[in-house]
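**Student:** Input structure: run14.pdb, which contains PDB, C-alpha atoms.
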MODEL        1
ATOM      1  CA  MET A   1       0.000   0.000   0.000
ATOM      2  CA  ALA A   2       1.356   3.408  -0.978
ATOM      3  CA  THR A   3       2.322   5.873   1.750
ATOM      4  CA  ILE A   4       2.371   9.641   1.858
ATOM      5  CA  LYS A   5       6.155   9.484   1.365
ATOM      6  CA  ASP A   6       5.659   7.497  -1.844
ATOM      7  CA  VAL A   7       3.239  10.161  -3.131
ATOM      8  CA  ALA A   8       5.667  12.937  -2.184
ATOM      9  CA  LYS A   9       8.547  11.218  -3.977
ATOM     10  CA  LEU A  10       6.578  10.668  -7.184
ATOM     11  CA  ALA A  11       5.110  14.190  -7.152
ATOM     12  CA  GLY A  12       8.492  15.753  -6.407
ATOM     13  CA  VAL A  13       7.298  17.637  -3.325
ATOM     14  CA  SER A  14       7.780  17.295   0.420
ATOM     15  CA  PRO A  15       5.494  15.151   2.619
ATOM     16  CA  SER A  16       4.411  18.337   4.406
ATOM     17  CA  THR A  17       3.111  19.717   1.083
ATOM     18  CA  ILE A  18       1.153  16.502   0.560
ATOM     19  CA  SER A  19      -0.322  16.836   4.044
ATOM     20  CA  LYS A  20      -1.251  20.455   3.423
ATOM     21  CA  TYR A  21      -2.984  19.530   0.173
ATOM     22  CA  MET A  22      -4.872  16.644   1.812
ATOM     23  CA  ASN A  23      -6.176  18.922   4.566
ATOM     24  CA  GLY A  24      -7.525  21.540   2.172
ATOM     25  CA  GLY A  25      -4.617  23.985   2.379
ATOM     26  CA  ASN A  26      -3.422  26.147  -0.495
ATOM     27  CA  VAL A  27      -0.573  24.774  -2.587
ATOM     28  CA  ARG A  28       0.785  25.963  -5.935
ATOM     29  CA  GLU A  29      -1.294  24.744  -8.866
ATOM     30  CA  GLU A  30       1.609  22.922 -10.479
ATOM     31  CA  ASN A  31       2.229  21.060  -7.204
ATOM     32  CA  ALA A  32      -1.466  20.275  -6.817
ATOM     33  CA  GLU A  33      -1.561  18.787 -10.308
ATOM     34  CA  ALA A  34       1.537  16.689  -9.631
ATOM     35  CA  ILE A  35       0.037  15.469  -6.335
ATOM     36  CA  ARG A  36      -3.264  14.503  -7.989
ATOM     37  CA  SER A  37      -1.414  12.586 -10.688
ATOM     38  CA  ALA A  38       0.736  10.763  -8.112
ATOM     39  CA  ILE A  39      -2.337   9.844  -6.026
ATOM     40  CA  VAL A  40      -4.029   8.319  -9.087
ATOM     41  CA  ALA A  41      -0.874   6.514 -10.239
ATOM     42  CA  LEU A  42      -0.221   4.992  -6.833
ATOM     43  CA  ASP A  43      -3.913   4.460  -5.952
ATOM     44  CA  TYR A  44      -3.175   6.215  -2.674
ATOM     45  CA  ARG A  45      -5.845   6.115   0.064
ATOM     46  CA  VAL A  46      -5.812   8.096   3.295
ATOM     47  CA  ASN A  47      -5.997   5.953   6.418
ATOM     48  CA  PRO A  48      -8.438   7.957   8.564
ATOM     49  CA  PHE A  49      -7.709   5.961  11.702
ATOM     50  CA  ALA A  50      -3.975   6.599  11.479
ATOM     51  CA  ARG A  51      -4.679  10.277  10.807
ATOM     52  CA  ASN A  52      -6.961  10.473  13.870
ATOM     53  CA  LEU A  53      -4.294   9.006  16.139
ATOM     54  CA  LYS A  54      -1.722  11.491  14.939
ATOM     55  CA  THR A  55      -3.789  14.688  14.754
ATOM     56  CA  GLN A  56      -6.531  13.929  17.289
ATOM     57  CA  ARG A  57      -8.920  15.203  14.616
ATOM     58  CA  SER A  58     -11.155  13.163  12.316
ATOM     59  CA  ARG A  59     -12.250  16.146  10.183
ATOM     60  CA  SER A  60     -15.770  14.727  10.459
ATOM     61  CA  ILE A  61     -18.907  16.206  12.014
ATOM     62  CA  GLY A  62     -21.773  14.112  13.365
ATOM     63  CA  VAL A  63     -25.241  15.269  12.314
ATOM     64  CA  LEU A  64     -28.138  13.746  14.249
ATOM     65  CA  LEU A  65     -31.697  14.532  13.163
ATOM     66  CA  PRO A  66     -35.078  12.780  13.136
ATOM     67  CA  ASP A  67     -35.487  12.505   9.369
ATOM     68  CA  ILE A  68     -34.026  13.683   6.093
ATOM     69  CA  THR A  69     -36.940  13.073   3.719
ATOM     70  CA  ALA A  70     -38.899  16.265   4.481
ATOM     71  CA  PRO A  71     -37.659  19.281   2.494
ATOM     72  CA  PHE A  72     -36.901  21.304   5.636
ATOM     73  CA  PHE A  73     -34.431  18.728   6.953
ATOM     74  CA  GLY A  74     -32.862  18.155   3.556
ATOM     75  CA  ASN A  75     -32.422  21.859   2.829
ATOM     76  CA  VAL A  76     -30.892  22.552   6.252
ATOM     77  CA  MET A  77     -28.558  19.580   5.816
ATOM     78  CA  THR A  78     -27.461  20.692   2.351
ATOM     79  CA  ALA A  79     -26.676  24.208   3.570
ATOM     80  CA  LEU A  80     -24.663  23.157   6.618
ATOM     81  CA  ASP A  81     -22.800  20.417   4.728
ATOM     82  CA  LYS A  82     -21.658  22.962   2.138
ATOM     83  CA  VAL A  83     -20.170  25.233   4.816
ATOM     84  CA  LEU A  84     -18.524  22.300   6.595
ATOM     85  CA  ARG A  85     -16.929  21.057   3.367
ATOM     86  CA  GLU A  86     -15.602  24.525   2.602
ATOM     87  CA  HIS A  87     -13.694  24.266   5.892
ATOM     88  CA  GLY A  88     -12.408  20.746   5.250
ATOM     89  CA  TYR A  89     -14.981  18.763   7.239
ATOM     90  CA  HIS A  90     -17.215  15.876   6.188
ATOM     91  CA  SER A  91     -20.687  15.128   7.565
ATOM     92  CA  LEU A  92     -21.627  11.820   9.148
ATOM     93  CA  ILE A  93     -25.439  11.784   9.126
ATOM     94  CA  SER A  94     -27.670   9.663  11.350
ATOM     95  CA  CYS A  95     -31.481   9.704  11.549
ATOM     96  CA  TYR A  96     -33.503   8.359  14.469
ATOM     97  CA  GLY A  97     -37.047   8.445  13.072
ATOM     98  CA  SER A  98     -38.608  10.059  16.170
ATOM     99  CA  ASN A  99     -37.675   6.944  18.150
ATOM    100  CA  HIS A 100     -36.378   7.747  21.631
ATOM    101  CA  GLY A 101     -34.289   4.593  21.940
ATOM    102  CA  LEU A 102     -32.793   5.080  18.496
ATOM    103  CA  GLU A 103     -32.064   8.723  19.283
ATOM    104  CA  ARG A 104     -30.002   7.588  22.275
ATOM    105  CA  ASP A 105     -28.265   4.800  20.353
ATOM    106  CA  ASN A 106     -27.386   6.977  17.368
ATOM    107  CA  LEU A 107     -26.019   9.748  19.581
ATOM    108  CA  ARG A 108     -23.846   7.199  21.365
ATOM    109  CA  PHE A 109     -22.683   5.791  18.021
ATOM    110  CA  LEU A 110     -21.731   9.171  16.554
ATOM    111  CA  ILE A 111     -19.712  10.019  19.651
ATOM    112  CA  SER A 112     -17.946   6.643  19.457
ATOM    113  CA  THR A 113     -16.775   7.303  15.877
ATOM    114  CA  GLY A 114     -14.578  10.148  17.084
ATOM    115  CA  VAL A 115     -16.358  13.010  15.311
ATOM    116  CA  ASP A 116     -14.872  16.438  16.043
ATOM    117  CA  GLY A 117     -18.245  18.077  16.652
ATOM    118  CA  LEU A 118     -21.973  17.468  16.683
ATOM    119  CA  ILE A 119     -24.904  19.221  15.030
ATOM    120  CA  TYR A 120     -28.008  17.928  16.733
ATOM    121  CA  MET A 121     -31.752  18.276  16.204
ATOM    122  CA  PRO A 122     -33.092  16.778  19.450
ATOM    123  CA  GLU A 123     -36.579  15.450  20.008
ATOM    124  CA  ASN A 124     -37.162  13.615  23.267
ATOM    125  CA  LEU A 125     -33.861  13.571  25.132
ATOM    126  CA  SER A 126     -33.369  15.160  28.550
ATOM    127  CA  VAL A 127     -30.281  17.140  29.482
ATOM    128  CA  GLU A 128     -29.412  14.384  31.969
ATOM    129  CA  GLU A 129     -29.525  11.762  29.217
ATOM    130  CA  PHE A 130     -27.357  13.891  26.949
ATOM    131  CA  PHE A 131     -24.698  14.309  29.635
ATOM    132  CA  GLU A 132     -24.847  10.577  30.401
ATOM    133  CA  LEU A 133     -24.341   9.639  26.741
ATOM    134  CA  THR A 134     -21.532  12.145  26.187
ATOM    135  CA  ALA A 135     -19.757  11.595  29.513
ATOM    136  CA  ASN A 136     -15.956  11.827  29.375
ATOM    137  CA  CYS A 137     -16.215  13.341  25.915
ATOM    138  CA  SER A 138     -15.898  17.085  25.507
ATOM    139  CA  ILE A 139     -17.428  17.578  22.088
ATOM    140  CA  PRO A 140     -18.603  20.943  20.696
ATOM    141  CA  THR A 141     -22.325  20.749  19.980
ATOM    142  CA  VAL A 142     -24.765  23.007  18.142
ATOM    143  CA  GLN A 143     -28.500  22.419  18.444
ATOM    144  CA  ILE A 144     -30.714  23.315  15.485
ATOM    145  CA  ASP A 145     -34.480  23.800  15.149
ATOM    146  CA  ARG A 146     -35.066  22.435  18.646
ATOM    147  CA  SER A 147     -33.507  22.759  22.064
ATOM    148  CA  ILE A 148     -32.843  20.608  25.114
ATOM    149  CA  GLN A 149     -33.496  23.016  27.942
ATOM    150  CA  GLY A 150     -30.466  23.455  30.182
ATOM    151  CA  LEU A 151     -27.924  22.177  27.652
ATOM    152  CA  PRO A 152     -25.091  24.750  27.555
ATOM    153  CA  CYS A 153     -24.317  24.872  23.842
ATOM    154  CA  ASP A 154     -24.916  27.087  20.827
ATOM    155  CA  THR A 155     -28.455  26.858  19.428
ATOM    156  CA  VAL A 156     -30.002  28.044  16.151
ATOM    157  CA  LEU A 157     -33.794  28.248  16.060
ATOM    158  CA  SER A 158     -36.563  29.822  14.036
ATOM    159  CA  ASP A 159     -39.240  32.082  15.518
ATOM    160  CA  ASN A 160     -41.815  29.304  15.905
ATOM    161  CA  ALA A 161     -44.237  31.064  18.258
ATOM    162  CA  ASP A 162     -44.181  34.373  16.402
ATOM    163  CA  ALA A 163     -44.618  32.626  13.045
ATOM    164  CA  ALA A 164     -47.643  30.692  14.322
ATOM    165  CA  HIS A 165     -49.074  33.897  15.799
ATOM    166  CA  ALA A 166     -48.700  35.632  12.410
ATOM    167  CA  ALA A 167     -50.424  32.747  10.614
ATOM    168  CA  ILE A 168     -53.452  32.781  12.927
ATOM    169  CA  THR A 169     -53.628  36.563  12.745
ATOM    170  CA  ARG A 170     -53.808  36.425   8.945
ATOM    171  CA  LEU A 171     -56.574  33.813   9.049
ATOM    172  CA  ALA A 172     -58.533  35.916  11.537
ATOM    173  CA  ALA A 173     -58.117  38.969   9.288
ATOM    174  CA  GLN A 174     -59.861  36.949   6.561
ATOM    175  CA  GLY A 175     -62.863  36.535   8.868
ATOM    176  CA  HIS A 176     -62.152  33.130  10.398
ATOM    177  CA  LYS A 177     -63.120  32.570  14.033
ATOM    178  CA  ARG A 178     -63.167  28.767  14.138
ATOM    179  CA  ILE A 179     -59.468  28.078  13.541
ATOM    180  CA  ALA A 180     -58.073  24.616  14.252
ATOM    181  CA  ILE A 181     -54.449  23.555  14.651
ATOM    182  CA  ILE A 182     -52.868  20.190  13.858
ATOM    183  CA  THR A 183     -49.456  19.991  15.478
ATOM    184  CA  GLY A 184     -46.688  17.570  16.326
ATOM    185  CA  PRO A 185     -45.903  15.698  19.568
ATOM    186  CA  LYS A 186     -46.124  17.807  22.706
ATOM    187  CA  VAL A 187     -42.636  16.640  23.731
ATOM    188  CA  VAL A 188     -41.082  18.233  20.636
ATOM    189  CA  PHE A 189     -39.704  21.703  21.318
ATOM    190  CA  SER A 190     -40.753  23.280  18.002
ATOM    191  CA  ALA A 191     -44.270  21.801  18.162
ATOM    192  CA  LYS A 192     -44.747  23.204  21.668
ATOM    193  CA  GLU A 193     -43.630  26.643  20.551
ATOM    194  CA  ARG A 194     -45.995  26.660  17.573
ATOM    195  CA  LEU A 195     -48.879  25.702  19.840
ATOM    196  CA  VAL A 196     -47.921  28.544  22.195
ATOM    197  CA  GLY A 197     -48.049  30.971  19.261
ATOM    198  CA  TYR A 198     -51.490  29.674  18.272
ATOM    199  CA  LEU A 199     -52.838  30.079  21.797
ATOM    200  CA  ARG A 200     -51.341  33.541  22.178
ATOM    201  CA  ALA A 201     -52.901  34.634  18.909
ATOM    202  CA  LEU A 202     -56.351  33.421  19.995
ATOM    203  CA  SER A 203     -55.995  35.371  23.230
ATOM    204  CA  ASP A 204     -54.781  38.528  21.499
ATOM    205  CA  LEU A 205     -57.578  38.339  18.931
ATOM    206  CA  GLY A 206     -60.302  37.625  21.465
ATOM    207  CA  ILE A 207     -61.152  34.256  19.886
ATOM    208  CA  LEU A 208     -62.637  31.676  22.241
ATOM    209  CA  TYR A 209     -60.425  28.597  22.755
ATOM    210  CA  ASP A 210     -61.967  25.204  21.926
ATOM    211  CA  ASP A 211     -59.921  22.118  22.768
ATOM    212  CA  GLN A 212     -61.755  20.159  20.041
ATOM    213  CA  LEU A 213     -59.881  22.303  17.528
ATOM    214  CA  VAL A 214     -56.441  21.286  18.842
ATOM    215  CA  ILE A 215     -55.092  18.014  17.447
ATOM    216  CA  SER A 216     -51.649  16.641  18.318
ATOM    217  CA  GLY A 217     -49.848  13.653  16.842
ATOM    218  CA  GLN A 218     -46.647  12.581  15.152
ATOM    219  CA  ASN A 219     -45.109  14.924  12.589
ATOM    220  CA  ASP A 220     -46.315  12.738   9.739
ATOM    221  CA  PHE A 221     -48.796  12.364   6.888
ATOM    222  CA  ALA A 222     -51.150  10.188   8.949
ATOM    223  CA  THR A 223     -51.618  12.895  11.586
ATOM    224  CA  GLY A 224     -52.746  15.396   8.965
ATOM    225  CA  TYR A 225     -54.989  12.862   7.262
ATOM    226  CA  ARG A 226     -56.667  11.691  10.466
ATOM    227  CA  GLY A 227     -56.812  15.254  11.724
ATOM    228  CA  PHE A 228     -58.966  16.211   8.744
ATOM    229  CA  GLU A 229     -61.358  13.329   9.482
ATOM    230  CA  ASP A 230     -61.626  14.229  13.162
ATOM    231  CA  LEU A 231     -62.298  17.898  12.468
ATOM    232  CA  MET A 232     -64.892  17.177   9.785
ATOM    233  CA  GLN A 233     -66.858  15.024  12.252
ATOM    234  CA  LEU A 234     -67.426  17.983  14.589
ATOM    235  CA  SER A 235     -70.917  19.440  14.680
ATOM    236  CA  ASP A 236     -69.372  22.917  14.546
ATOM    237  CA  ARG A 237     -66.561  22.490  12.038
ATOM    238  CA  PRO A 238     -63.604  24.844  11.769
ATOM    239  CA  THR A 239     -63.507  27.173   8.782
ATOM    240  CA  ALA A 240     -59.688  27.263   8.777
ATOM    241  CA  VAL A 241     -56.843  24.953   9.860
ATOM    242  CA  PHE A 242     -53.217  25.714  10.697
ATOM    243  CA  THR A 243     -51.033  22.671   9.911
ATOM    244  CA  THR A 244     -47.623  23.014  11.546
ATOM    245  CA  ASN A 245     -45.459  20.578   9.592
ATOM    246  CA  TYR A 246     -44.802  19.630   5.956
ATOM    247  CA  ASP A 247     -46.088  16.052   6.194
ATOM    248  CA  ILE A 248     -49.088  17.060   8.310
ATOM    249  CA  THR A 249     -50.032  19.655   5.708
ATOM    250  CA  ILE A 250     -49.766  17.197   2.816
ATOM    251  CA  GLY A 251     -51.834  14.625   4.739
ATOM    252  CA  PHE A 252     -54.577  17.164   5.434
ATOM    253  CA  ILE A 253     -54.713  18.412   1.831
ATOM    254  CA  THR A 254     -54.851  14.824   0.518
ATOM    255  CA  ALA A 255     -57.787  13.948   2.785
ATOM    256  CA  ALA A 256     -59.658  17.111   1.818
ATOM    257  CA  ARG A 257     -59.218  16.438  -1.900
ATOM    258  CA  GLU A 258     -60.285  12.800  -1.578
ATOM    259  CA  ARG A 259     -63.563  13.999  -0.045
ATOM    260  CA  GLY A 260     -64.126  16.655  -2.656
ATOM    261  CA  LEU A 261     -63.551  19.724  -0.483
ATOM    262  CA  LEU A 262     -62.112  22.793  -2.151
ATOM    263  CA  ILE A 263     -59.289  24.795  -0.549
ATOM    264  CA  PRO A 264     -59.788  27.582   0.455
ATOM    265  CA  GLN A 265     -63.454  27.786  -0.626
ATOM    266  CA  ASP A 266     -64.712  25.006   1.677
ATOM    267  CA  ILE A 267     -61.944  25.179   4.266
ATOM    268  CA  ALA A 268     -58.910  27.447   4.495
ATOM    269  CA  VAL A 269     -55.502  25.866   5.168
ATOM    270  CA  PHE A 270     -52.351  27.585   6.388
ATOM    271  CA  GLY A 271     -49.306  25.360   5.952
ATOM    272  CA  PHE A 272     -45.792  25.131   7.334
ATOM    273  CA  ASP A 273     -42.555  24.282   5.474
ATOM    274  CA  CYS A 274     -44.276  23.139   2.276
ATOM    275  CA  LEU A 275     -43.589  26.117   0.043
ATOM    276  CA  ASP A 276     -42.942  24.038  -3.085
ATOM    277  CA  ILE A 277     -46.300  22.260  -2.983
ATOM    278  CA  CYS A 278     -48.372  25.136  -1.669
ATOM    279  CA  THR A 279     -47.252  27.669  -4.263
ATOM    280  CA  MET A 280     -48.315  25.246  -7.018
ATOM    281  CA  MET A 281     -51.919  25.281  -5.800
ATOM    282  CA  LYS A 282     -54.508  27.616  -7.313
ATOM    283  CA  PRO A 283     -54.859  29.889  -5.476
ATOM    284  CA  PRO A 284     -51.517  29.473  -3.674
ATOM    285  CA  LEU A 285     -51.807  28.118  -0.147
ATOM    286  CA  PRO A 286     -50.378  30.478   2.490
ATOM    287  CA  VAL A 287     -47.445  28.936   4.322
ATOM    288  CA  VAL A 288     -44.875  29.705   7.022
ATOM    289  CA  HIS A 289     -41.456  29.384   5.394
ATOM    290  CA  GLN A 290     -38.507  28.897   7.723
ATOM    291  CA  PRO A 291     -35.051  30.266   6.758
ATOM    292  CA  GLU A 292     -33.649  26.798   6.032
ATOM    293  CA  GLN A 293     -30.446  27.922   4.330
ATOM    294  CA  GLU A 294     -29.602  30.403   7.063
ATOM    295  CA  ILE A 295     -30.251  27.858   9.838
ATOM    296  CA  GLY A 296     -27.856  25.352   8.277
ATOM    297  CA  GLN A 297     -25.181  27.917   7.445
ATOM    298  CA  LEU A 298     -25.211  29.565  10.863
ATOM    299  CA  ALA A 299     -25.137  26.230  12.722
ATOM    300  CA  ALA A 300     -22.085  25.150  10.715
ATOM    301  CA  ARG A 301     -20.326  28.469  11.306
ATOM    302  CA  TYR A 302     -21.001  28.332  15.048
ATOM    303  CA  LEU A 303     -19.524  24.828  15.235
ATOM    304  CA  ILE A 304     -16.446  25.741  13.186
ATOM    305  CA  GLU A 305     -15.846  28.727  15.471
ATOM    306  CA  ARG A 306     -15.913  26.387  18.489
ATOM    307  CA  LEU A 307     -13.522  23.988  16.764
ATOM    308  CA  THR A 308     -11.095  26.796  15.992
ATOM    309  CA  GLY A 309     -10.868  28.177  19.501
ATOM    310  CA  PHE A 310     -13.919  30.336  20.278
ATOM    311  CA  ASP A 311     -14.773  29.810  23.948
ATOM    312  CA  GLY A 312     -17.416  32.465  24.594
ATOM    313  CA  PRO A 313     -20.709  31.737  26.389
ATOM    314  CA  PRO A 314     -23.365  29.641  24.605
ATOM    315  CA  ARG A 315     -25.266  31.554  21.931
ATOM    316  CA  THR A 316     -28.955  31.167  21.089
ATOM    317  CA  THR A 317     -30.043  32.750  17.814
ATOM    318  CA  ARG A 318     -33.604  32.906  16.501
ATOM    319  CA  LEU A 319     -34.030  33.535  12.796
ATOM    320  CA  CYS A 320     -37.199  35.072  11.371
ATOM    321  CA  SER A 321     -39.535  33.022   9.201
ATOM    322  CA  SER A 322     -41.564  34.522   6.388
ATOM    323  CA  ILE A 323     -45.152  34.058   5.235
ATOM    324  CA  GLU A 324     -45.676  33.266   1.585
ATOM    325  CA  PRO A 325     -47.342  34.653  -0.415
ATOM    326  CA  LYS A 326     -46.748  38.078   1.078
ATOM    327  CA  GLU A 327     -50.306  39.278   0.551
ATOM    328  CA  SER A 328     -53.490  37.561   1.665
ATOM    329  CA  VAL A 329     -55.175  35.546  -1.012
TER     330      VAL A 329
ENDMDL
END
Written as structure tokens, that's how I'd like the structure from this file.
**Tutor:**
Amino acid sequence: MATIKDVAKLAGVSPSTISKYMNGGNVREENAEAIRSAIVALDYRVNPFARNLKTQRSRSIGVLLPDITAPFFGNVMTALDKVLREHGYHSLISCYGSNHGLERDNLRFLISTGVDGLIYMPENLSVEEFFELTANCSIPTVQIDRSIQGLPCDTVLSDNADAAHAAITRLAAQGHKRIAIITGPKVVFSAKERLVGYLRALSDLGILYDDQLVISGQNDFATGYRGFEDLMQLSDRPTAVFTTNYDITIGFITAARERGLLIPQDIAVFGFDCLDICTMMKPPLPVVHQPEQEIGQLAARYLIERLTGFDGPPRTTRLCSSIEPKESV
């Protein structure tokens, strides 16, 4: 098996130049071309385990999140991965599917691989569990989208409560008084905040609260689908529904269409994180759009700053969401 010294000899450069090139440093173009040619000729492969022992760095970042199929997760992941790669890091992604046991196991696994840092979207883990699973391992961590209360690390969130408040306010401005909400599990930080925004909006607008109009379930298609059925069985049906998740929104719209209801003529729907689908509808469905790119980019930058020596107090940043389309339909 070829070594870094073999590559250096064939390329006509020093081993330190090879190392600099491998770690993303700037080398002269003629040297870079010679190094690339030597790597191909010798079929050279970096041994990451040997590199870890020598540098105490794996140049990898663990990313733990519930899912990657929904556009929000995928867009955040794409944005943060791009920033990490620009700084010479690779992402090791693990999804736990909203399963508490799997969330614990996957966190433990990522730590065991020797990642340099962690970007984490928590769901149902306590601060005590986090400290137990990361004991004897000082690893920089950035939370995104959600937060474990009491965990002293950088956190990047969106303005969940304010965004929900704005959505309900717009629906009320259109004349709706019976406004339902279909939201995610009550243990999930972002779902709780969106429910708080809904309740605050009702209070501010003088709209009477009705617990029959509040439906909670998993952040999935089935919750939206069943939520439609439950709401349509009420003797006093809602005239508008706020769906607080991409999959919930799609499930609700699917159920409404299967039963021949027109949106928004028969029932108004205000979605969340489903801009691509909602803007295709006629008329466009109003939706809360989170700043996905900014969340991913800022989380990556915060982690890189920690890895390069920043030791200031934990930072919590909330980024503003937008409502699309800008004007009421």
**Student:** I want to know what sits within 10 Å of Arg315 of chain A, based on only C-alpha atoms, with residues of the same chain fewer than 3 positions away left out; could you give that as a list in words?
**Tutor:**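 After dropping sequence-adjacent residues, the list is Val142, Pro152, Cys153, Asp154, Thr155, Val156, Tyr302 and Gly312 of chain A.
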**Student:** Could you turn the residues from that selection into a file that holds C-alpha atoms, as a compact mmCIF listing (two decimals), in the frame of the given file?
**Tutor:**
# COMPACT_ATOMS: atom_id res chain seq x y z
CA VAL A 142 -24.76 23.01 18.14
CA PRO A 152 -25.09 24.75 27.56
CA CYS A 153 -24.32 24.87 23.84
CA ASP A 154 -24.92 27.09 20.83
CA THR A 155 -28.46 26.86 19.43
CA VAL A 156 -30.00 28.04 16.15
CA TYR A 302 -21.00 28.33 15.05
CA GLY A 312 -17.42 32.47 24.59
**Student:** Find, counting all atoms listed in the file, the residue in A:Asp273, A:Glu123, A:Asp145, A:Glu292 that gets nearest to Val76 of chain A.
**Tutor:** A:Glu292
**Student:** Enumerate, as a PyMOL selection string, the residues matched when the PyMOL selection byres ((chain A and resi 96-113) around 8) is run on the file above.
**Tutor:** chain A and resi 62+64-67+92+94-95+114-115+123-125+133-134+137
**Student:** Enumerate, as a list in words, the residues matched when the PyMOL selection byres ((chain A and resi 225) around 10) is run on the file above.
**Tutor:**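 Applying the PyMOL selection byres ((chain A and resi 225) around 10) to the structure shown produces Asp220, Phe221, Ala222, Thr223, Gly224, Arg226, Gly227, Phe228, Glu229, Asp230, Asp247, Ile248, Thr249, Ile250, Gly251, Phe252, Ile253, Thr254, Ala255 and Ala256 of chain A.
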**Student:** Spell out the residues picked by the PyMOL selection byres ((chain A and resi 27-35) around 8) here, as a tab-separated table (two decimals) with C-alpha atoms, keeping the file's coordinate frame.
**Tutor:**
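Dumped to out08.tsv:
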chain	number	residue	atom	x	y	z
A	7	VAL	CA	3.24	10.16	-3.13
A	8	ALA	CA	5.67	12.94	-2.18
A	11	ALA	CA	5.11	14.19	-7.15
A	12	GLY	CA	8.49	15.75	-6.41
A	13	VAL	CA	7.30	17.64	-3.32
A	17	THR	CA	3.11	19.72	1.08
A	18	ILE	CA	1.15	16.50	0.56
A	20	LYS	CA	-1.25	20.45	3.42
A	21	TYR	CA	-2.98	19.53	0.17
A	25	GLY	CA	-4.62	23.98	2.38
A	26	ASN	CA	-3.42	26.15	-0.50
A	36	ARG	CA	-3.26	14.50	-7.99
A	37	SER	CA	-1.41	12.59	-10.69
A	38	ALA	CA	0.74	10.76	-8.11
A	39	ILE	CA	-2.34	9.84	-6.03
**Student:** So, with only C-alpha atoms as the atoms that count, which of A:Ile144, A:Ala172, A:Leu118, A:Ile182 lies closest to Leu157 of chain A?
**Tutor:**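 That would be A:Ile144, the residue with the smallest distance to Leu157 of chain A.
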**Student:** Find, counting all atoms listed in the file, the residue in A:Leu307, A:Gly217, A:Val188, A:Ala173 that gets nearest to Ala201 of chain A.
**Tutor:**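 Residue with the minimum atom-to-atom distance to Ala201 of chain A: A:Ala173.
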**Student:** Starting from the sparse input, extend segment 284-297 of chain A to N, CA and C atoms and give the output as an mmCIF file, in the frame of the given file.
**Tutor:**
data_model
loop_
_atom_site.group_PDB
_atom_site.id
_atom_site.type_symbol
_atom_site.label_atom_id
_atom_site.label_comp_id
_atom_site.auth_asym_id
_atom_site.auth_seq_id
_atom_site.Cartn_x
_atom_site.Cartn_y
_atom_site.Cartn_z
ATOM 1 N N PRO A 284 -52.608 29.972 -4.521
ATOM 2 C CA PRO A 284 -51.517 29.473 -3.674
ATOM 3 C C PRO A 284 -51.942 29.378 -2.211
ATOM 4 N N LEU A 285 -51.504 28.317 -1.562
ATOM 5 C CA LEU A 285 -51.807 28.118 -0.147
ATOM 6 C C LEU A 285 -50.834 28.928 0.694
ATOM 7 N N PRO A 286 -51.319 29.741 1.633
ATOM 8 C CA PRO A 286 -50.378 30.478 2.490
ATOM 9 C C PRO A 286 -49.588 29.519 3.368
ATOM 10 N N VAL A 287 -48.321 29.851 3.606
ATOM 11 C CA VAL A 287 -47.445 28.936 4.322
ATOM 12 C C VAL A 287 -46.386 29.711 5.102
ATOM 13 N N VAL A 288 -46.033 29.198 6.279
ATOM 14 C CA VAL A 288 -44.875 29.705 7.022
ATOM 15 C C VAL A 288 -43.629 29.061 6.429
ATOM 16 N N HIS A 289 -42.687 29.895 6.011
ATOM 17 C CA HIS A 289 -41.456 29.384 5.394
ATOM 18 C C HIS A 289 -40.273 29.727 6.287
ATOM 19 N N GLN A 290 -39.663 28.688 6.853
ATOM 20 C CA GLN A 290 -38.507 28.897 7.723
ATOM 21 C C GLN A 290 -37.245 29.186 6.899
ATOM 22 N N PRO A 291 -36.297 29.939 7.472
ATOM 23 C CA PRO A 291 -35.051 30.266 6.758
ATOM 24 C C PRO A 291 -34.089 29.079 6.781
ATOM 25 N N GLU A 292 -34.384 28.061 5.983
ATOM 26 C CA GLU A 292 -33.649 26.798 6.032
ATOM 27 C C GLU A 292 -32.169 26.985 5.761
ATOM 28 N N GLN A 293 -31.846 27.722 4.693
ATOM 29 C CA GLN A 293 -30.446 27.922 4.330
ATOM 30 C C GLN A 293 -29.682 28.604 5.462
ATOM 31 N N GLU A 294 -30.277 29.645 6.011
ATOM 32 C CA GLU A 294 -29.602 30.403 7.063
ATOM 33 C C GLU A 294 -29.400 29.567 8.323
ATOM 34 N N ILE A 295 -30.381 28.726 8.658
ATOM 35 C CA ILE A 295 -30.251 27.858 9.838
ATOM 36 C C ILE A 295 -29.045 26.932 9.672
ATOM 37 N N GLY A 296 -28.964 26.271 8.520
ATOM 38 C CA GLY A 296 -27.856 25.352 8.277
ATOM 39 C C GLY A 296 -26.517 26.051 8.243
ATOM 40 N N GLN A 297 -26.442 27.187 7.558
ATOM 41 C CA GLN A 297 -25.181 27.917 7.445
ATOM 42 C C GLN A 297 -24.698 28.423 8.797
#
